Structure formats: C-alpha cells, structure tokens
$ cat work.txt   # compact mmCIF, C-alpha atoms and all ligand atoms
# COMPACT_ATOMS: atom_id res chain seq x y z
CA MET J 1 -1.64 6.51 -10.74
CA ILE J 2 1.65 7.14 -8.92
CA ARG J 3 4.45 9.19 -10.41
CA PHE J 4 7.79 10.27 -8.93
CA GLU J 5 9.71 12.86 -10.93
CA ARG J 6 13.32 13.38 -9.85
CA VAL J 7 12.37 12.94 -6.23
CA SER J 8 14.93 13.38 -3.48
CA LYS J 9 14.21 12.98 0.21
CA ARG J 10 16.50 14.30 2.92
CA TYR J 11 15.43 13.78 6.53
CA PRO J 12 15.96 16.55 9.10
CA ASN J 13 19.05 14.73 10.42
CA GLY J 14 20.66 15.26 7.01
CA ARG J 15 20.27 11.68 5.87
CA GLU J 16 19.65 11.61 2.10
CA ALA J 17 17.25 8.64 1.82
CA LEU J 18 16.25 9.04 -1.85
CA LEU J 19 18.20 10.61 -4.69
CA ASN J 20 16.62 11.69 -7.96
CA VAL J 21 14.09 8.87 -8.07
CA SER J 22 11.71 8.77 -11.05
CA LEU J 23 9.10 6.08 -11.45
CA ALA J 24 5.59 5.59 -12.76
CA ILE J 25 3.05 3.06 -11.52
CA GLU J 26 -0.05 2.67 -13.63
CA PRO J 27 -3.61 2.30 -12.32
CA GLY J 28 -4.26 -1.31 -11.39
CA GLU J 29 -0.60 -2.32 -11.33
CA MET J 30 0.90 -4.39 -8.52
CA VAL J 31 4.55 -3.51 -7.97
CA PHE J 32 7.17 -4.76 -5.54
CA LEU J 33 9.80 -2.45 -4.07
CA THR J 34 12.90 -4.36 -3.08
CA GLY J 35 16.32 -3.41 -1.81
CA ARG J 36 18.48 -3.95 1.22
CA SER J 37 17.73 -2.48 4.64
CA GLY J 38 18.06 1.30 4.56
CA ALA J 39 17.79 1.45 0.75
CA GLY J 40 14.76 3.76 0.88
CA LYS J 41 11.75 1.46 0.38
CA SER J 42 9.72 2.77 3.33
CA SER J 43 10.63 6.32 2.33
CA VAL J 44 9.01 5.76 -1.09
CA LEU J 45 5.85 4.45 0.58
CA LYS J 46 5.75 7.36 3.04
CA LEU J 47 6.01 9.83 0.17
CA ILE J 48 3.11 8.10 -1.62
CA ALA J 49 0.94 8.21 1.52
CA LEU J 50 1.89 11.82 2.25
CA LEU J 51 3.41 10.83 5.57
CA GLU J 52 6.49 12.65 4.24
CA ARG J 53 7.00 15.22 1.52
CA PRO J 54 9.83 15.25 -1.01
CA THR J 55 12.74 17.61 -0.46
CA ARG J 56 13.07 18.00 -4.23
CA GLY J 57 11.02 16.75 -7.16
CA THR J 58 7.36 15.91 -7.54
CA VAL J 59 5.23 13.08 -6.21
CA THR J 60 1.87 12.77 -7.95
CA VAL J 61 -0.79 10.34 -6.72
CA ASP J 62 -4.11 10.02 -8.52
CA GLY J 63 -3.49 13.34 -10.26
CA ALA J 64 -2.62 15.25 -7.08
CA ASN J 65 0.82 16.78 -6.52
CA THR J 66 1.41 15.95 -2.85
CA SER J 67 3.54 19.06 -2.28
CA ARG J 68 0.77 21.36 -3.47
CA LEU J 69 -2.21 19.87 -1.65
CA PRO J 70 -3.89 22.43 0.59
CA SER J 71 -4.10 21.18 4.17
CA ARG J 72 -7.91 20.92 3.98
CA ALA J 73 -7.51 18.38 1.14
CA ILE J 74 -5.08 16.12 3.02
CA PRO J 75 -7.58 13.98 5.00
CA ALA J 76 -9.48 13.11 1.80
CA PHE J 77 -6.19 12.39 0.04
CA ARG J 78 -5.07 10.02 2.80
CA ARG J 79 -8.35 8.12 2.60
CA LYS J 80 -7.46 7.19 -0.98
CA ILE J 81 -4.52 5.18 0.28
CA GLY J 82 -4.88 2.01 2.31
CA VAL J 83 -1.80 1.21 4.39
CA VAL J 84 -0.71 -2.25 5.58
CA PHE J 85 2.11 -2.39 8.12
CA GLN J 86 4.44 -5.25 8.98
CA ASP J 87 3.32 -5.20 12.61
CA HIS J 88 -0.31 -4.47 11.55
CA LYS J 89 -0.68 -1.79 14.26
CA LEU J 90 -4.01 -3.09 15.57
CA LEU J 91 -5.49 -1.63 18.74
CA PRO J 92 -4.99 -4.52 21.21
CA ASP J 93 -7.83 -3.60 23.55
CA ARG J 94 -10.47 -3.21 20.85
CA PRO J 95 -12.26 -6.10 19.11
CA VAL J 96 -11.63 -6.89 15.47
CA PHE J 97 -14.83 -5.05 14.49
CA ASP J 98 -13.62 -1.73 15.93
CA ASN J 99 -10.16 -2.12 14.40
CA VAL J 100 -11.53 -2.76 10.92
CA ALA J 101 -14.22 -0.06 11.21
CA LEU J 102 -11.73 2.66 12.19
CA PRO J 103 -11.14 4.21 8.73
CA LEU J 104 -14.90 4.44 8.16
CA LEU J 105 -15.50 5.99 11.57
CA VAL J 106 -12.84 8.58 10.80
CA ALA J 107 -14.50 9.25 7.45
CA GLY J 108 -17.86 9.80 9.13
CA THR J 109 -19.63 6.80 7.59
CA PRO J 110 -23.14 6.41 9.03
CA LEU J 111 -23.23 3.80 11.82
CA ARG J 112 -25.96 1.77 10.11
CA GLU J 113 -23.58 1.14 7.21
CA LEU J 114 -20.66 0.06 9.40
CA ASP J 115 -21.84 -3.43 10.21
CA LYS J 116 -22.36 -4.37 6.56
CA ARG J 117 -19.03 -2.90 5.44
CA VAL J 118 -17.00 -4.48 8.27
CA ARG J 119 -18.51 -7.89 7.57
CA ALA J 120 -17.81 -7.52 3.84
CA ALA J 121 -14.17 -6.57 4.54
CA LEU J 122 -13.70 -9.47 6.98
CA ASP J 123 -15.31 -11.80 4.47
CA GLN J 124 -12.75 -10.73 1.86
CA VAL J 125 -9.87 -11.77 4.11
CA GLY J 126 -11.57 -14.98 5.28
CA LEU J 127 -12.28 -13.82 8.84
CA LEU J 128 -16.05 -13.48 8.93
CA GLY J 129 -17.30 -14.35 12.40
CA LYS J 130 -14.25 -12.94 14.23
CA GLU J 131 -15.80 -9.49 14.80
CA ARG J 132 -15.93 -9.76 18.61
CA VAL J 133 -12.49 -11.32 19.09
CA LEU J 134 -9.55 -9.29 20.42
CA PRO J 135 -6.47 -9.12 18.15
CA GLY J 136 -4.38 -10.96 20.77
CA GLU J 137 -6.69 -13.97 20.46
CA LEU J 138 -5.85 -14.35 16.76
CA SER J 139 -2.83 -15.95 15.09
CA ILE J 140 -0.19 -13.65 13.60
CA GLY J 141 -1.44 -14.43 10.08
CA GLU J 142 -5.02 -13.66 11.09
CA GLN J 143 -3.92 -10.40 12.71
CA GLN J 144 -2.19 -9.43 9.50
CA ARG J 145 -5.39 -10.17 7.56
CA VAL J 146 -7.36 -7.94 9.98
CA GLY J 147 -4.83 -5.22 9.14
CA ILE J 148 -5.51 -5.77 5.45
CA ALA J 149 -9.29 -5.66 5.99
CA ARG J 150 -8.83 -2.32 7.75
CA ALA J 151 -6.66 -1.04 4.90
CA VAL J 152 -9.24 -1.88 2.21
CA ILE J 153 -12.52 -1.18 4.01
CA ALA J 154 -12.75 2.38 2.70
CA LYS J 155 -12.16 0.98 -0.85
CA PRO J 156 -9.03 3.01 -1.50
CA PRO J 157 -7.79 3.09 -5.12
CA VAL J 158 -4.23 2.68 -3.82
CA LEU J 159 -2.92 0.12 -1.34
CA ILE J 160 0.61 0.31 0.04
CA ALA J 161 2.16 -2.37 2.22
CA ASP J 162 5.46 -2.16 4.10
CA GLU J 163 6.91 -5.66 4.67
CA PRO J 164 3.40 -7.11 5.02
CA THR J 165 4.73 -10.66 5.22
CA GLY J 166 7.80 -9.99 7.37
CA ASN J 167 6.39 -11.86 10.37
CA LEU J 168 4.74 -14.69 8.44
CA ASP J 169 5.99 -18.10 7.35
CA HIS J 170 6.18 -18.78 3.64
CA GLY J 171 2.75 -20.41 3.38
CA LEU J 172 0.99 -17.53 5.12
CA ALA J 173 3.01 -15.03 3.12
CA LEU J 174 1.78 -16.62 -0.10
CA GLU J 175 -1.78 -16.42 1.21
CA VAL J 176 -1.39 -12.71 1.91
CA MET J 177 0.04 -12.23 -1.59
CA ARG J 178 -2.97 -14.01 -3.10
CA LEU J 179 -5.17 -11.61 -1.16
CA PHE J 180 -3.33 -8.63 -2.64
CA ARG J 181 -3.73 -10.15 -6.11
CA ARG J 182 -7.48 -10.28 -5.64
CA PHE J 183 -7.56 -6.59 -4.82
CA GLN J 184 -5.44 -5.93 -7.87
CA GLU J 185 -7.93 -7.89 -9.96
CA VAL J 186 -10.64 -5.39 -9.07
CA GLY J 187 -8.47 -2.46 -10.07
CA VAL J 188 -6.62 -1.42 -6.91
CA THR J 189 -3.07 -0.13 -7.47
CA ILE J 190 -0.73 -1.91 -5.05
CA VAL J 191 2.83 -1.15 -3.97
CA ILE J 192 4.53 -3.65 -1.65
CA ALA J 193 7.94 -3.13 -0.03
CA THR J 194 9.59 -6.42 0.81
CA HIS J 195 12.90 -8.14 1.46
CA ASP J 196 11.41 -11.47 0.48
CA LEU J 197 12.82 -12.11 -2.98
CA SER J 198 11.32 -15.59 -3.25
CA LEU J 199 7.82 -14.13 -2.92
CA VAL J 200 8.60 -11.50 -5.51
CA GLN J 201 9.89 -14.06 -7.98
CA GLU J 202 6.92 -16.36 -7.47
CA SER J 203 4.49 -13.50 -8.07
CA GLY J 204 5.79 -12.68 -11.55
CA GLN J 205 4.93 -9.02 -10.92
CA ARG J 206 6.98 -5.97 -11.74
CA VAL J 207 9.87 -5.23 -9.40
CA ILE J 208 11.45 -1.85 -8.67
CA HIS J 209 14.82 -2.32 -7.00
CA ILE J 210 16.18 0.47 -4.84
CA ASP J 211 19.84 0.65 -3.99
CA ASN J 212 21.10 3.31 -1.65
CA GLY J 213 18.27 5.73 -2.41
CA GLN J 214 18.35 5.25 -6.16
CA ILE J 215 16.41 3.09 -8.58
CA SER J 216 18.77 0.52 -10.00
CA ASP J 217 17.40 0.12 -13.49
CA GLY J 218 19.18 -3.10 -14.26
CA LEU J 219 16.93 -4.95 -11.85
CA VAL J 220 13.59 -3.53 -12.90
CA THR J 221 11.76 -6.45 -14.46
CA ALA J 222 8.75 -6.33 -16.75
CA PRO J 223 8.62 -2.52 -16.70
CA VAL J 224 5.66 -2.40 -19.09
CA PRO J 225 2.50 -3.99 -17.68
CA PRO J 226 0.53 -5.82 -20.37
CA THR J 227 -2.73 -3.95 -19.86
CA ALA J 228 -1.50 -0.42 -19.22
CA PRO J 229 1.53 0.60 -21.28
CA GLU J 230 3.74 3.25 -19.72
CA SER J 231 4.20 6.52 -21.48
CA PRO J 232 5.93 9.69 -20.33
CA SER J 233 2.64 11.36 -19.46
CA SER J 234 0.48 8.41 -18.56
CA GLY J 235 1.00 8.69 -14.81
CA LEU J 236 -0.64 12.08 -14.90
CA ARG J 237 -3.65 11.31 -17.00
CA ALA J 238 -7.06 11.43 -15.44
CA GLY J 239 -8.60 8.02 -15.96
CA PRO J 240 -11.88 6.48 -14.91
CA GLY J 241 -10.18 4.87 -11.88
CA PRO J 242 -10.54 1.37 -10.50
CA ASP J 243 -13.84 -0.43 -10.37
CA LEU J 244 -14.14 -0.21 -6.62
CA GLY J 245 -17.82 -1.00 -6.70
CA SER J 246 -16.91 -4.61 -7.25
CA LEU J 247 -14.75 -4.92 -4.12
CA PRO J 248 -17.47 -6.16 -1.76
CA ASN J 249 -18.23 -8.96 -4.22
CA LEU J 250 -14.79 -10.52 -3.98
CA GLN J 251 -16.14 -13.42 -2.00
CA ALA J 252 -18.61 -14.21 -4.74
CA ARG J 253 -15.86 -14.15 -7.37
CA ARG J 254 -13.93 -16.95 -5.71
N1 LIG J 301 12.45 9.69 9.94
C1 LIG J 301 13.73 9.54 9.58
N2 LIG J 301 14.67 10.39 10.00
C2 LIG J 301 15.96 10.26 9.62
N3 LIG J 301 16.42 9.31 8.79
C3 LIG J 301 15.53 8.42 8.34
C4 LIG J 301 14.14 8.49 8.70
N4 LIG J 301 13.50 7.47 8.08
C5 LIG J 301 14.43 6.82 7.37
N5 LIG J 301 15.65 7.38 7.52
C6 LIG J 301 16.88 6.95 6.87
O1 LIG J 301 16.66 6.94 5.46
C7 LIG J 301 17.26 5.79 4.87
C8 LIG J 301 16.20 5.00 4.16
O2 LIG J 301 15.30 4.48 5.12
P1 LIG J 301 14.02 3.61 4.76
O3 LIG J 301 13.30 3.39 6.01
O4 LIG J 301 13.33 4.23 3.62
O5 LIG J 301 14.74 2.25 4.27
P2 LIG J 301 14.10 0.82 3.96
O6 LIG J 301 14.58 0.43 2.61
O7 LIG J 301 12.64 0.84 4.21
O8 LIG J 301 14.84 -0.10 5.04
P3 LIG J 301 14.26 -1.40 5.83
O9 LIG J 301 14.32 -2.52 4.83
O10 LIG J 301 15.25 -1.60 6.93
O11 LIG J 301 12.90 -1.10 6.31
C9 LIG J 301 17.94 5.01 6.00
O12 LIG J 301 19.29 5.38 6.03
C10 LIG J 301 17.24 5.54 7.24
O13 LIG J 301 18.12 5.52 8.34
MG MG J 302 11.44 -0.09 5.58
$ encode --input "work.txt" --output "structure tokens"
Amino acid sequence: MIRFERVSKRYPNGREALLNVSLAIEPGEMVFLTGRSGAGKSSVLKLIALLERPTRGTVTVDGANTSRLPSRAIPAFRRKIGVVFQDHKLLPDRPVFDNVALPLLVAGTPLRELDKRVRAALDQVGLLGKERVLPGELSIGEQQRVGIARAVIAKPPVLIADEPTGNLDHGLALEVMRLFRRFQEVGVTIVIATHDLSLVQESGQRVIHIDNGQISDGLVTAPVPPTAPESPSSGLRAGPGPDLGSLPNLQARR
C-alpha cells in the first residue's frame, strides 16, 4: 500500500531529513514509526500524505507515484489519506459536527448524507451526542477522538497519525490505540509516529525505527505481517483494497 524506494528528503534550508529510505507497508498493516526527535518520522508521514515530495527516490501510495501525480489528481489522492495530528487541529469556534464533517464538505458530499455520516463517525469514537458541543468544552482525550472521527469520516484506505497520543495520559493513549486497531481490523492501513515506546511494545505491532534520517534495520521488529507477506513487488500490486464498506458498522462489531 505504501512503498518508499531509496527516498531522500532535503528541505529548502539544506537539512537532509531522510537518506535513502526504503520501506514497504502492506494493505491493512498497522506500523509504528519511532525514533528520537528530529529523526525524520514526521517527514515520512508528510511524504506519504503528499504534503512534501521526495528529493530523490520514489514514494508510492495505493499504486500512485506521488512525484508523478498530475495536479488535478492531488485532491482525490489526499482524500485517500486520513491524518491525525498531535494537537488535533480542530476549529475552536465550530461545533464538533462541523469539524468532523469538514472532509466530506470538501469532497462535495450531499448535505442530506452528512448527518448520517457524522453520527456514524462520532459513534465509532464513542462521542455520539456531542455534535453541538464546541471543541473547547471537551476533554483533551475527547478532542483527540473528534480529530480521529474527522480523519476517518471519508473512509480513507490509509490513516497516518503524528504523535496522536502525545498529549494524553497512558490510559487515554491506550484507548486511542484500541481505536486505531479497530480501524485496522476493517482493513485500513495505519502508520503512527510516536515517541511512546511503552505503547509500541504493548501493541505488539511492527515497528520501523528511524535514526538520523535512516531506517535502522536492527530495530525493525516483526517485519513480515502474518496475513500479508512482504515481497519485493508487493507494495506496488493492485489489490482489491480494504473493506471500507464495513467501517460504519464498527459500533455493531463491538
Ligand atoms: N519544513 C522543514 N524545513 C526545514 N527542515 C525541516 C522541515 N521539517 C523538518 N525539518 C528537519 O528535518 C529533520 C527531521 O524532522 P522531522 O520533523 O521529520 O523529525 P521527527 O522525527 O518528526 O521529530 P519530532 O519527534 O521532534 O517530531 C529535523 O532535523 C528537522 O529540523
Ligand atoms: Mg515529528
């Protein structure tokens, strides 16, 4: 689903953030990116979301080479990727409903569908009934869950999260991780950048460790997911994709 081939990223100030990074993340995998501050974790996520382009090498997401996408294809590409930020980036003066609905509004979803979809997304994160509340009236953990509802409402096949639990205590962080696991269970590919090694260890998921812009292989654990074996070409294959139709039914699966 996500493939980096010898990717380097140099920012305009000359800073070489990533050096010759190659990695493959299979459809439906949940992967943690770890590494010290400045190692390059956010840079990897930005390259996946096409917020940045590689200086050298190739980034392929869902079969699309991000360097070769024509500009008219970029909005549709970005809609395939849900983004969760550490500080959730909610609009403080808009109620929860508007914040969660935003990606659908941008995508031109008919208004009559919005209400149903927003309620389904809020239900998934355990916040049904909070539609009219302003973000500032919610706890930090609830705000983070609103951010996750917004990230998944358009049913993206890929979800990336940059330090999504950085502002949460351990209990809330575990709750957020369980939420991510449920999205993984319905086929969403998830990449989470985090400093929190205890969370990573408890999750038992694959870890990609970045050190000074490079993948440090010695710390990659469980590199072969049990359901989707890695092969040199597998990241590029066109598969059937995740079963996103089942996302709204998450509540019922509990
Ligand atoms: N827009 C930018 N312009 C210039 N340099 C940047 C930019 N973004 C990141 N960098 C530099 O690239 C390197 C990698 O940054 P990145 O944000 O990817 O690290 P990180 O692993 O996410 O760190 P943190 O854990 O602190 O968030 C750092 O040295 C950083 O200063
Ligand atoms: Mg970062």
$ residues_near_ligand --input "work.txt" --ligand "ligand MG 302 (chain J)" --cutoff "9 Å" --atoms "all atoms listed in the file" --output "MDAnalysis selection string"
chainID J and resid 37:43 45 162:163 193:194
$ residues_near_ligand --input "work.txt" --ligand "ligand LIG 301 (chain J)" --cutoff "12 Å" --atoms "all atoms listed in the file" --output "count of residues only"
50
$ closest_residue --input "work.txt" --among "J:Met1, J:Val158, J:Ala120, J:Ile25" --to "Ala49 in chain J" --atoms "only C-alpha atoms"
J:Val158
$ closest_residue --input "work.txt" --among "J:Pro135, J:Leu122, J:Ala73, J:Gly108" --to "Pro92 in chain J" --atoms "only C-alpha atoms"
J:Pro135
$ atom_distance --input "work.txt" --atom1 "CA of Leu50 in chain J" --atom2 "CA of Arg79 in chain J"
10.9 Å
$ closest_residue --input "work.txt" --among "J:Arg94, J:Lys155, J:Arg72, J:Lys89" --to "Ala121 in chain J" --atoms "only C-alpha atoms"
J:Lys155
$ closest_residue --input "work.txt" --among "J:Asn65, J:Arg150, J:Val84, J:Met30" --to "Glu185 in chain J" --atoms "only C-alpha atoms"
J:Met30
$ atom_distance --input "work.txt" --atom1 "CA of Thr55 in chain J" --atom2 "CA of Arg78 in chain J"
19.6 Å
$ residues_around --input "work.txt" --residues "Ser67 in chain J" --least-positions-apart "3" --cutoff "9 Å" --atoms "all atoms listed in the file" --output "PyMOL selection string"
chain J and resi 50+53-54+58-60+64+70
$ atom_distance --input "work.txt" --atom1 "CA of Pro75 in chain J" --atom2 "CA of Pro103 in chain J"
11.0 Å
$ axis_aligned_box --input "work.txt" --around "range 97-103 of chain J" --padding-each-side "3 Å" --output "AutoDock Vina command-line options"
--center_x -12.5 --center_y -0.4 --center_z 12.3 --size_x 10.7 --size_y 15.3 --size_z 13.2
$ residues_around --input "work.txt" --residues "Gly57 in chain J" --least-positions-apart "2" --cutoff "6 Å" --atoms "only C-alpha atoms" --output "list of chain:residue names"
J:Glu5, J:Arg6, J:Val7
$ residues_near_point --input "work.txt" --point "(-14.4, 5.6, 12.2)" --cutoff "12 Å" --atoms "all atoms listed in the file" --output "VMD selection string"
chain J and resid 79 97 to 111 113 to 115 117 to 118 150 153 to 154
$ write_last_selection --input "work.txt" --atoms "C-alpha atoms" --output "PDB file, in the frame of the given file"
ATOM      1  CA  ARG J  79      -8.350   8.120   2.600  1.00  0.00           C
ATOM      2  CA  PHE J  97     -14.830  -5.050  14.490  1.00  0.00           C
ATOM      3  CA  ASP J  98     -13.620  -1.730  15.930  1.00  0.00           C
ATOM      4  CA  ASN J  99     -10.160  -2.120  14.400  1.00  0.00           C
ATOM      5  CA  VAL J 100     -11.530  -2.760  10.920  1.00  0.00           C
ATOM      6  CA  ALA J 101     -14.220  -0.060  11.210  1.00  0.00           C
ATOM      7  CA  LEU J 102     -11.730   2.660  12.190  1.00  0.00           C
ATOM      8  CA  PRO J 103     -11.140   4.210   8.730  1.00  0.00           C
ATOM      9  CA  LEU J 104     -14.900   4.440   8.160  1.00  0.00           C
ATOM     10  CA  LEU J 105     -15.500   5.990  11.570  1.00  0.00           C
ATOM     11  CA  VAL J 106     -12.840   8.580  10.800  1.00  0.00           C
ATOM     12  CA  ALA J 107     -14.500   9.250   7.450  1.00  0.00           C
ATOM     13  CA  GLY J 108     -17.860   9.800   9.130  1.00  0.00           C
ATOM     14  CA  THR J 109     -19.630   6.800   7.590  1.00  0.00           C
ATOM     15  CA  PRO J 110     -23.140   6.410   9.030  1.00  0.00           C
ATOM     16  CA  LEU J 111     -23.230   3.800  11.820  1.00  0.00           C
ATOM     17  CA  GLU J 113     -23.580   1.140   7.210  1.00  0.00           C
ATOM     18  CA  LEU J 114     -20.660   0.060   9.400  1.00  0.00           C
ATOM     19  CA  ASP J 115     -21.840  -3.430  10.210  1.00  0.00           C
ATOM     20  CA  ARG J 117     -19.030  -2.900   5.440  1.00  0.00           C
ATOM     21  CA  VAL J 118     -17.000  -4.480   8.270  1.00  0.00           C
ATOM     22  CA  ARG J 150      -8.830  -2.320   7.750  1.00  0.00           C
ATOM     23  CA  ILE J 153     -12.520  -1.180   4.010  1.00  0.00           C
ATOM     24  CA  ALA J 154     -12.750   2.380   2.700  1.00  0.00           C
TER      25      ALA J 154
END
$ closest_residue --input "work.txt" --among "J:Ala149, J:Leu179, J:Leu197, J:Ala24" --to "Arg119 in chain J" --atoms "only C-alpha atoms"
J:Ala149
